[in-house]
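**Student:** My structure is in run.cif, and what it holds is mmCIF, C-alpha atoms and all ligand atoms:
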data_model
loop_
_atom_site.label_atom_id
_atom_site.label_comp_id
_atom_site.auth_asym_id
_atom_site.auth_seq_id
_atom_site.Cartn_x
_atom_site.Cartn_y
_atom_site.Cartn_z
CA MET A 1 113.31 103.05 96.82
CA LYS A 2 115.62 105.59 98.38
CA LEU A 3 113.87 108.21 100.45
CA ALA A 4 114.77 111.47 102.11
CA MET A 5 112.63 111.34 105.23
CA ILE A 6 111.64 114.35 107.27
CA GLY A 7 109.96 113.72 110.61
CA PHE A 8 107.96 116.80 111.64
CA GLY A 9 106.82 117.11 115.28
CA GLN A 10 106.95 114.46 117.96
CA ALA A 11 105.12 111.63 116.19
CA GLY A 12 107.01 112.37 112.95
CA GLY A 13 110.35 112.27 114.76
CA LYS A 14 109.61 109.04 116.60
CA ILE A 15 108.38 107.24 113.50
CA LEU A 16 111.44 108.46 111.59
CA ASP A 17 113.61 107.12 114.43
CA THR A 18 111.87 103.73 114.12
CA PHE A 19 112.42 103.72 110.34
CA LEU A 20 116.14 104.29 110.92
CA GLU A 21 116.31 101.53 113.50
CA HIS A 22 114.56 99.14 111.10
CA ASP A 23 116.86 100.19 108.27
CA GLU A 24 119.95 99.47 110.35
CA GLN A 25 118.65 96.08 111.49
CA ALA A 26 117.35 94.89 108.14
CA GLY A 27 120.11 96.55 106.10
CA SER A 28 117.38 97.73 103.73
CA ASN A 29 118.93 101.14 103.14
CA ILE A 30 115.76 102.97 102.21
CA VAL A 31 116.41 106.02 104.38
CA ARG A 32 119.01 107.89 102.38
CA ALA A 33 118.66 111.00 104.56
CA ALA A 34 116.82 111.70 107.81
CA VAL A 35 115.91 115.11 109.19
CA ALA A 36 113.81 115.73 112.32
CA VAL A 37 112.11 119.11 112.79
CA ASN A 38 110.40 120.28 115.97
CA THR A 39 109.57 123.30 118.09
CA ALA A 40 110.10 121.24 121.26
CA LYS A 41 113.71 120.73 122.23
CA ALA A 42 112.98 117.80 124.55
CA ASP A 43 111.35 115.82 121.73
CA LEU A 44 114.40 116.25 119.52
CA MET A 45 116.70 115.22 122.35
CA GLY A 46 114.68 112.05 122.91
CA LEU A 47 115.47 110.70 119.44
CA GLU A 48 118.02 107.91 119.26
CA HIS A 49 118.83 107.27 115.62
CA VAL A 50 118.47 110.61 113.84
CA PRO A 51 121.97 112.16 113.63
CA GLU A 52 122.23 115.16 115.96
CA GLU A 53 123.27 117.52 113.19
CA ASN A 54 120.02 116.64 111.37
CA ARG A 55 117.75 117.72 114.23
CA VAL A 56 116.33 121.15 113.55
CA LEU A 57 114.78 123.20 116.35
CA ILE A 58 112.51 125.90 114.91
CA GLY A 59 110.51 128.72 116.49
CA GLN A 60 113.01 129.43 119.25
CA SER A 61 112.20 133.12 119.32
CA ARG A 62 108.46 132.36 119.58
CA VAL A 63 108.19 129.36 121.90
CA LYS A 64 111.70 129.02 123.33
CA GLY A 65 112.03 125.32 122.65
CA HIS A 66 108.82 124.42 124.51
CA GLY A 67 106.61 123.38 121.60
CA VAL A 68 103.38 124.93 120.34
CA GLY A 69 100.94 123.02 122.56
CA ALA A 70 98.64 121.61 119.87
CA ASP A 71 98.23 125.03 118.22
CA ASN A 72 98.66 124.05 114.59
CA GLU A 73 98.11 127.56 113.25
CA LEU A 74 101.15 128.61 115.28
CA GLY A 75 102.93 125.49 113.97
CA ALA A 76 102.27 126.63 110.40
CA GLU A 77 103.39 130.20 111.11
CA ILE A 78 106.64 129.05 112.68
CA ALA A 79 107.37 126.72 109.77
CA GLU A 80 106.90 129.66 107.36
CA GLU A 81 109.15 131.91 109.40
CA ASP A 82 111.92 129.36 109.91
CA ILE A 83 111.76 127.57 106.57
CA ASP A 84 115.37 128.59 105.85
CA GLU A 85 116.58 126.70 108.89
CA ILE A 86 114.81 123.55 107.69
CA GLN A 87 116.14 124.13 104.18
CA GLY A 88 119.64 124.36 105.67
CA ALA A 89 119.34 120.73 106.79
CA ILE A 90 117.74 119.64 103.49
CA ASP A 91 120.66 121.27 101.63
CA ASP A 92 122.91 118.54 103.01
CA ILE A 93 120.75 115.77 101.50
CA PRO A 94 122.25 114.24 98.33
CA VAL A 95 118.96 114.80 96.50
CA HIS A 96 120.27 113.31 93.23
CA GLU A 97 120.48 109.99 95.11
CA VAL A 98 116.89 109.95 96.39
CA ASP A 99 113.78 108.83 94.55
CA ALA A 100 111.35 110.83 96.67
CA PHE A 101 110.79 112.82 99.86
CA LEU A 102 108.61 111.49 102.66
CA VAL A 103 107.30 113.99 105.22
CA ILE A 104 106.09 112.12 108.32
CA THR A 105 103.77 113.76 110.82
CA GLY A 106 101.04 113.34 113.43
CA LEU A 107 98.08 115.27 111.99
CA GLY A 108 96.40 115.91 115.34
CA GLY A 109 99.14 117.86 117.12
CA GLY A 110 100.53 121.34 116.56
CA THR A 111 104.07 121.48 115.20
CA GLY A 112 103.83 118.76 112.54
CA SER A 113 100.13 119.24 111.87
CA GLY A 114 100.64 122.89 110.97
CA GLY A 115 104.23 122.74 109.75
CA SER A 116 104.22 119.76 107.41
CA PRO A 117 101.94 121.25 104.72
CA VAL A 118 104.15 124.37 104.71
CA LEU A 119 107.27 122.23 104.33
CA ALA A 120 105.73 119.99 101.64
CA ARG A 121 104.79 123.04 99.58
CA HIS A 122 108.31 124.43 99.97
CA ILE A 123 110.06 121.18 98.96
CA LYS A 124 107.80 120.74 95.95
CA ARG A 125 108.64 124.21 94.73
CA ILE A 126 112.37 123.52 94.86
CA TYR A 127 112.83 119.88 93.85
CA THR A 128 111.51 117.75 91.02
CA GLU A 129 111.37 114.52 93.06
CA PRO A 130 107.91 113.53 94.30
CA VAL A 131 106.97 114.60 97.82
CA TYR A 132 104.85 112.10 99.77
CA GLY A 133 103.26 112.58 103.15
CA LEU A 134 102.81 109.97 105.86
CA GLY A 135 100.07 111.40 108.06
CA ILE A 136 98.93 109.88 111.35
CA LEU A 137 95.31 110.35 112.40
CA PRO A 138 94.68 110.71 116.14
CA ALA A 139 92.73 108.14 118.13
CA GLY A 140 89.08 109.10 118.68
CA ASP A 141 89.48 109.51 122.44
CA GLU A 142 92.24 112.11 122.15
CA GLY A 143 89.65 114.85 122.20
CA GLY A 144 88.05 117.51 120.03
CA ILE A 145 91.05 119.74 119.45
CA TYR A 146 93.17 116.86 118.09
CA THR A 147 90.35 115.81 115.80
CA LEU A 148 89.87 119.38 114.58
CA ASN A 149 93.59 119.80 114.01
CA ALA A 150 93.75 116.52 112.12
CA ALA A 151 90.77 117.32 109.91
CA ARG A 152 92.21 120.72 108.94
CA SER A 153 95.74 119.45 108.47
CA PHE A 154 94.55 116.47 106.40
CA GLN A 155 92.68 118.81 104.07
CA THR A 156 95.71 121.06 103.70
CA LEU A 157 98.40 118.40 103.42
CA VAL A 158 96.64 116.29 100.81
CA ARG A 159 96.74 119.31 98.48
CA GLU A 160 100.43 119.93 99.01
CA VAL A 161 101.87 116.44 98.58
CA ASP A 162 102.00 114.10 95.60
CA ASN A 163 100.26 111.46 97.69
CA LEU A 164 99.20 111.24 101.31
CA LEU A 165 99.73 107.84 102.90
CA VAL A 166 97.55 107.64 105.99
CA PHE A 167 97.80 105.65 109.20
CA ASP A 168 94.93 105.79 111.65
CA ASN A 169 95.93 105.45 115.32
CA ASP A 170 92.29 104.83 116.17
CA ALA A 171 92.15 101.60 114.20
CA TRP A 172 95.34 100.34 115.83
CA ARG A 173 94.77 101.23 119.44
CA LYS A 174 94.60 98.23 121.71
CA THR A 175 91.86 98.34 124.29
CA GLY A 176 93.11 98.69 127.82
CA GLU A 177 96.47 100.00 126.74
CA SER A 178 97.53 103.58 127.22
CA MET A 179 98.23 105.29 123.93
CA GLN A 180 101.66 106.36 125.08
CA GLY A 181 102.69 102.81 125.96
CA GLY A 182 101.23 101.56 122.70
CA TYR A 183 103.02 104.04 120.42
CA ALA A 184 106.27 102.11 120.26
CA GLN A 185 104.38 99.03 119.12
CA ILE A 186 102.21 101.01 116.70
CA ASN A 187 105.31 102.63 115.23
CA GLU A 188 106.75 99.17 114.62
CA GLU A 189 103.59 98.23 112.74
CA ILE A 190 103.84 101.39 110.63
CA VAL A 191 107.47 100.79 109.78
CA LYS A 192 106.92 97.11 109.02
CA ARG A 193 104.35 97.95 106.35
CA PHE A 194 106.00 100.96 104.77
CA GLY A 195 109.43 99.36 105.19
CA ILE A 196 108.40 96.41 102.98
CA LEU A 197 106.68 98.69 100.51
CA PHE A 198 109.59 101.07 100.03
CA GLY A 199 112.22 98.37 100.58
CA ALA A 200 110.76 96.42 97.68
CA GLY A 201 112.07 98.93 95.19
CA GLU A 202 115.58 98.61 96.58
CA VAL A 203 116.35 95.00 95.66
CA GLU A 204 119.38 94.62 93.43
CA GLN A 205 118.23 93.50 90.01
CA GLY A 206 119.77 90.23 88.90
CA GLY A 207 119.27 86.57 89.69
CA GLU A 208 116.42 84.28 88.76
CA VAL A 209 113.49 86.47 89.72
CA ALA A 210 114.85 89.71 88.31
CA GLU A 211 112.03 90.55 85.94
CA SER A 212 109.33 90.21 88.59
CA VAL A 213 111.06 92.28 91.28
CA VAL A 214 109.27 95.50 92.17
CA ASP A 215 111.03 98.56 90.84
CA SER A 216 110.86 101.96 92.55
CA SER A 217 109.22 103.38 89.41
CA GLU A 218 106.27 101.04 90.04
CA ILE A 219 105.81 102.50 93.52
CA ILE A 220 106.08 106.02 92.10
CA ASN A 221 103.57 105.24 89.32
CA THR A 222 101.12 103.74 91.79
CA LEU A 223 101.33 106.86 93.94
CA ALA A 224 101.24 109.24 90.96
CA GLY A 225 97.94 110.95 90.43
CA GLY A 226 97.78 112.03 94.04
CA GLY A 227 95.09 111.59 96.61
CA VAL A 228 95.02 109.39 99.66
CA SER A 229 96.55 105.94 100.11
CA THR A 230 96.26 103.07 102.53
CA VAL A 231 98.31 99.91 103.02
CA GLY A 232 97.34 96.35 103.96
CA TYR A 233 99.64 93.62 105.24
CA ALA A 234 99.47 89.91 106.00
CA ALA A 235 102.22 87.42 106.74
CA GLU A 236 102.71 83.75 107.44
CA SER A 237 105.67 81.88 108.86
CA VAL A 238 107.45 79.46 106.55
CA ALA A 239 110.22 78.65 109.02
CA ASP A 240 109.27 74.95 109.22
CA GLU A 241 109.01 74.49 105.49
CA LYS A 242 112.30 76.27 104.95
CA GLU A 243 113.91 73.58 107.10
CA SER A 244 112.08 70.58 105.67
CA GLY A 245 112.55 71.78 102.11
CA GLY A 246 116.27 71.82 102.70
CA ILE A 247 116.36 68.32 104.16
CA LEU A 248 114.13 66.88 101.47
CA SER A 249 116.17 68.35 98.67
CA ARG A 250 119.30 66.92 100.24
CA PHE A 251 117.72 63.43 100.29
CA THR A 252 116.18 63.52 96.86
CA GLY A 253 118.91 65.55 95.29
CA SER A 254 116.14 67.41 93.49
CA LYS A 255 115.91 71.13 92.99
CA GLU A 256 114.55 73.01 95.97
CA GLU A 257 111.54 74.28 94.09
CA SER A 258 110.25 70.86 93.19
CA SER A 259 110.32 69.81 96.84
CA LEU A 260 107.80 72.50 97.64
CA ASP A 261 104.20 71.82 96.88
CA SER A 262 103.53 74.46 94.29
CA ALA A 263 99.73 74.37 94.67
CA ASN A 264 100.19 75.10 98.36
CA THR A 265 102.54 77.95 97.65
CA THR A 266 100.10 79.44 95.14
CA ASN A 267 97.19 79.17 97.54
CA ARG A 268 99.18 80.65 100.37
CA ILE A 269 99.98 83.73 98.34
CA THR A 270 96.45 84.28 97.07
CA SER A 271 95.04 83.93 100.57
CA LEU A 272 97.68 86.31 101.96
CA VAL A 273 96.68 88.89 99.35
CA ARG A 274 93.04 88.61 100.40
CA LYS A 275 93.94 88.89 104.06
CA ALA A 276 96.10 91.94 103.39
CA ALA A 277 93.45 93.79 101.39
CA LEU A 278 90.41 92.82 103.45
CA GLY A 279 92.05 92.90 106.89
CA ARG A 280 93.00 95.95 108.88
CA LEU A 281 94.35 98.66 106.57
CA THR A 282 96.54 101.53 107.80
CA LEU A 283 93.51 103.68 106.97
CA PRO A 284 90.36 101.55 107.04
CA CYS A 285 88.27 102.10 103.91
CA GLU A 286 86.33 100.44 101.14
CA ILE A 287 88.83 99.09 98.65
CA GLU A 288 86.35 99.19 95.81
CA GLY A 289 87.00 102.29 93.77
CA ALA A 290 90.70 102.56 94.61
CA GLU A 291 92.29 104.09 91.55
CA ARG A 292 95.58 102.20 91.56
CA ALA A 293 97.12 99.36 93.53
CA LEU A 294 100.46 97.68 94.02
CA LEU A 295 100.90 94.18 95.37
CA VAL A 296 104.26 93.31 96.88
CA THR A 297 104.98 89.77 98.02
CA ALA A 298 108.04 89.44 100.20
CA GLY A 299 110.00 86.49 101.54
CA PRO A 300 112.47 83.81 100.44
CA SER A 301 112.25 83.66 96.64
CA LYS A 302 111.38 79.96 96.49
CA PHE A 303 108.07 80.79 98.22
CA LEU A 304 107.21 83.67 95.91
CA ASN A 305 105.23 81.74 93.40
CA ARG A 306 104.44 83.60 90.17
CA LYS A 307 101.07 81.98 89.68
CA GLY A 308 100.00 83.01 93.18
CA ILE A 309 101.12 86.59 92.65
CA GLU A 310 99.34 86.80 89.31
CA ARG A 311 96.14 85.39 90.79
CA GLY A 312 96.37 87.78 93.71
CA ARG A 313 96.87 90.68 91.34
CA LYS A 314 93.84 89.68 89.24
CA TRP A 315 91.75 89.32 92.38
CA LEU A 316 92.78 92.84 93.42
CA GLU A 317 91.71 94.14 90.00
CA GLU A 318 88.28 92.61 90.48
CA GLN A 319 87.89 93.90 94.03
CA THR A 320 89.02 97.45 93.34
CA GLY A 321 87.63 97.73 89.83
CA SER A 322 90.95 99.34 88.94
CA MET A 323 92.73 98.80 85.65
CA GLU A 324 96.03 99.80 87.18
CA VAL A 325 97.08 97.04 89.55
CA ARG A 326 100.80 96.35 89.59
CA GLY A 327 102.48 93.41 91.24
CA GLY A 328 105.92 92.09 91.93
CA ASP A 329 108.13 90.43 94.46
CA TYR A 330 110.61 91.44 97.06
CA PRO A 331 112.96 88.50 97.66
CA VAL A 332 114.28 88.42 101.22
CA GLU A 333 116.17 85.14 101.52
CA ALA A 334 116.89 85.41 105.24
CA SER A 335 113.24 85.91 106.19
CA ASP A 336 111.17 83.22 107.90
CA ASN A 337 107.95 84.81 106.64
CA VAL A 338 106.08 85.23 103.43
CA ALA A 339 104.23 88.55 103.44
CA ALA A 340 101.84 90.37 101.15
CA VAL A 341 101.70 94.15 101.21
CA VAL A 342 98.95 95.89 99.26
CA LEU A 343 99.17 99.60 98.52
CA LEU A 344 95.80 101.08 97.55
CA SER A 345 96.21 104.52 96.07
CA GLY A 346 93.52 107.06 95.31
CA VAL A 347 90.96 105.66 97.75
CA THR A 348 87.83 107.78 98.08
CA ASN A 349 85.30 105.75 100.03
CA VAL A 350 86.67 106.40 103.53
CA PRO A 351 83.94 106.66 106.19
CA ARG A 352 86.57 107.33 108.87
CA ILE A 353 87.51 110.66 107.25
CA LYS A 354 83.88 111.74 106.98
CA GLU A 355 83.36 110.86 110.64
CA LEU A 356 86.53 112.75 111.61
CA GLN A 357 85.30 115.83 109.74
CA GLN A 358 81.91 115.64 111.44
CA VAL A 359 83.47 115.47 114.91
CA ALA A 360 85.86 118.28 113.92
CA ILE A 361 82.98 120.56 112.88
CA GLU A 362 81.21 119.90 116.18
CA ALA A 363 84.43 120.59 118.09
CA GLN A 364 84.90 123.84 116.16
CA GLU A 365 81.39 124.98 117.01
CA ASN A 366 81.81 124.02 120.67
CA ILE A 367 85.14 125.81 120.92
CA GLY A 368 83.53 128.95 119.42
CA GLU A 369 80.62 128.79 121.86
CA ILE A 370 82.84 128.20 124.87
CA GLU A 371 85.08 131.11 123.90
CA SER A 372 82.24 133.59 123.58
CA GLU A 373 80.59 132.25 126.73
CA SER A 374 83.75 132.56 128.77
CA GLU A 375 84.30 136.09 127.52
CA GLN A 376 80.82 136.95 128.68
CA ASN A 377 81.33 135.19 132.02
CA LEU A 378 84.57 137.04 132.64
CA GLN A 379 82.94 140.34 131.85
CA GLU A 380 80.13 139.57 134.30
CA LEU A 381 82.69 138.73 136.97
CA VAL A 382 84.88 141.79 136.49
CA GLU A 383 82.18 144.42 136.02
CA ASP A 384 80.26 145.44 139.14
CA ASP A 385 76.52 145.02 138.82
CA ASP A 386 75.50 148.68 138.64
CA ASP A 387 78.58 149.91 136.91
CA GLU A 388 79.56 152.09 139.87
CA LEU A 389 83.28 151.37 139.72
CA GLU A 390 85.69 152.83 137.17
CA PRO A 391 88.89 151.10 135.99
CA LEU A 392 92.08 153.13 136.53
CA PHE A 393 92.82 153.57 132.86
P1 LIG B 1 103.48 117.85 117.55
O1 LIG B 1 104.79 117.46 118.19
O2 LIG B 1 102.96 119.15 118.05
O3 LIG B 1 103.55 117.82 116.06
O4 LIG B 1 102.38 116.77 117.96
P2 LIG B 1 102.58 115.22 118.29
O5 LIG B 1 103.36 114.61 117.20
O6 LIG B 1 103.08 115.05 119.69
O7 LIG B 1 101.13 114.66 118.32
C1 LIG B 1 100.28 114.61 117.23
C2 LIG B 1 99.45 113.38 117.23
O8 LIG B 1 100.29 112.34 116.81
C3 LIG B 1 98.89 112.90 118.54
O9 LIG B 1 97.62 113.42 118.72
C4 LIG B 1 98.83 111.40 118.37
O10 LIG B 1 97.64 111.03 117.70
C5 LIG B 1 99.95 111.12 117.43
N1 LIG B 1 101.19 110.58 118.04
C6 LIG B 1 102.05 111.16 118.92
N2 LIG B 1 103.14 110.39 119.09
C7 LIG B 1 102.98 109.30 118.30
C8 LIG B 1 103.77 108.15 118.01
O11 LIG B 1 104.88 107.93 118.50
N3 LIG B 1 103.24 107.26 117.11
C9 LIG B 1 102.04 107.43 116.52
N4 LIG B 1 101.60 106.49 115.69
N5 LIG B 1 101.28 108.50 116.76
C10 LIG B 1 101.74 109.42 117.63
#
As structure tokens, please, write out the structure in this file.
**Tutor:**
Amino acid sequence: MKLAMIGFGQAGGKILDTFLEHDEQAGSNIVRAAVAVNTAKADLMGLEHVPEENRVLIGQSRVKGHGVGADNELGAEIAEEDIDEIQGAIDDIPVHEVDAFLVITGLGGGTGSGGSPVLARHIKRIYTEPVYGLGILPAGDEGGIYTLNAARSFQTLVREVDNLLVFDNDAWRKTGESMQGGYAQINEEIVKRFGILFGAGEVEQGGEVAESVVDSSEIINTLAGGGVSTVGYAAESVADEKESGGILSRFTGSKEESSLDSANTTNRITSLVRKAALGRLTLPCEIEGAERALLVTAGPSKFLNRKGIERGRKWLEEQTGSMEVRGGDYPVEASDNVAAVVLLSGVTNVPRIKELQQVAIEAQENIGEIESESEQNLQELVEDDDDELEPLF
């Protein structure tokens, strides 16, 4: 699936950068165009893979390249005001060559949190291609303002995009590790999952497994209908078997497939599907009730056993209760792993979002109280007790 990716704000830019790095290394060619947008000049300069001409600094007259400091209302205003500058960069995208737009952003900050819903609405008005969001939830310990920003941005962005894919930093934070240090690793995890998902639709049709290869229309159909999505992933090394399979087939002269124990291959795939769906999702949630799902199994084609995939798909139907579970493979001959990626679209039973909203409401109330208290305190400080002094004017 060919995407035009727009990284909004610092997190958005860095994740976009990681997508580009992955694309170059794996030769997967899913990022057809990459644009980074920010109000902070330093963040744009820190990117390594986004072409310089595709880095758009907005809000210069308002914040002079210094960012909006977690003020997402200001982020939204600036995006409105400078939408033409962003559009200028999008104009250079060969849109007829892309299947969809992906707007990537950290929901808890200011620039991307406020700006990305404005941009998504703008792109949707102009183009017919679907516009997806990849929104990052802040970790719980980032504080009230980030949680409040994220809760408000989530609510706004989900309405503006065709589907909001969510990644929760909180579920991925390693204890004892600073968030900053952990971001690079977390971004790798993000890109691994979404890279397989979107890369799956990019395999050249042809060869033995052609009819079971995932097509980009299957990804689009799974995401159609809107709402919120989450992704699961599980992988297992097959490096040893790759070797032994080769040796065995040389000795026996048999076909490679017959040298592999097909029952083992089937079981491996079904257990990977379970691990992917029941393990840590990008947004932890109950999978029951998901409206649509897509199962992608990736790896060397001789390990992508049809029976296993079909069983995995059926199991997903039972677990989600959905009638719309698609499945297919993504042959990657050079890989030493077999992986299962499960996209669950239209999930609604997400306790993490409810908890985020609760904390956000409390933060909002506290912020209101503190503001009025500090106004009162300042007044008490400045005014003399008996009102004997007069200000100059
Ligand atoms: P902005 O530049 O004002 O849009 O804000 P940031 O993108 O700096 O921060 C928004 C939120 O994104 C933060 O609260 C973090 O939760 C998250 N974040 C920042 N950088 C990264 C990153 O590199 N990776 C991930 N996964 N999350 C990040």
**Student:** Select the residues contacting ligand LIG 1 (chain B) at a distance of at most 8 Å, based on all atoms listed in the file, then format the selection as a ChimeraX atom specification.
**Tutor:** /A:8-15,38-40,43,67-72,75,105-114,136-139,142,146,167-169,180,183-184,186-187,190
**Student:** Starting from the point (108.2, 88.3, 102.5), work out which residues of protein, DNA or RNA have an atom no more than 6 Å away when counting all atoms listed in the file; state them as a PyMOL selection string.
**Tutor:** chain A and resi 297-299+337-339
**Student:** Would you list the contacts of segment 20-28 of chain A as a ChimeraX atom specification, taking every protein, DNA or RNA residue within 8 Å and counting all atoms listed in the file, but skipping same-chain residues closer than 6 positions in sequence?
**Tutor:** /A:49-50,191,195,199,202
**Student:** Compare A:Leu164, A:Leu295, A:Val63, A:Val231 by their minimum atom-to-atom distance to Lys314 of chain A, counting all atoms listed in the file, and give me the closest one.
**Tutor:** A:Leu295
**Student:** Find the residues around Ala34 of chain A up to 9 Å (only C-alpha atoms counted), leave out those fewer than 3 positions away in its own chain, and share them as a PyMOL selection string.
**Tutor:** chain A and resi 3-7+16-17+20+31+50-51+54-55+93
**Student:** In Å, rounded to a single decimal, give me how far atom CA of Cys285 of chain A is from atom CA of Gly133 of chain A.
**Tutor:** 18.3 Å
**Student:** I'd like to know which of A:Asn267, A:Pro300, A:Val347, A:Leu157 is closest to Gly312 of chain A, using only C-alpha atoms.
**Tutor:**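 Closest to Gly312 of chain A of all the choices is A:Asn267.
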**Student:** Using all atoms listed in the file, can you tell me which of A:Trp172, A:Val238, A:Ser212, A:Val56 comes closest to Glu310 of chain A?
**Tutor:**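 Closest residue, counting all atoms listed in the file: A:Ser212.
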**Student:** I want to know what sits within 8 Å of Pro130 of chain A, based on only C-alpha atoms, with residues of the same chain fewer than 6 positions away left out; could you give that as a list of chain:residue names?
**Tutor:**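 Residues near the query, excluding close chain neighbours: A:Asp99, A:Ala100, A:Phe101, A:Lys124, A:Val161, A:Asp162.
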**Student:** Include C-alpha atoms and write out the residues we just selected as a PDB file, keeping the file's coordinate frame.
**Tutor:**
ATOM      1  CA  ASP A  99     113.780 108.830  94.550  1.00  0.00           C
ATOM      2  CA  ALA A 100     111.350 110.830  96.670  1.00  0.00           C
ATOM      3  CA  PHE A 101     110.790 112.820  99.860  1.00  0.00           C
ATOM      4  CA  LYS A 124     107.800 120.740  95.950  1.00  0.00           C
ATOM      5  CA  VAL A 161     101.870 116.440  98.580  1.00  0.00           C
ATOM      6  CA  ASP A 162     102.000 114.100  95.600  1.00  0.00           C
TER       7      ASP A 162
END
**Student:** With distances taken over only C-alpha atoms, which of A:Leu272, A:Val332, A:Ile123, A:Val166 is nearest to Arg313 of chain A?
**Tutor:** A:Leu272
**Student:** What is the atom CA of Arg159 of chain A-atom CA of Tyr233 of chain A distance in Å, reported with one decimal?
**Tutor:**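 Calculated distance between atom CA of Arg159 of chain A and atom CA of Tyr233 of chain A is 26.7 Å.
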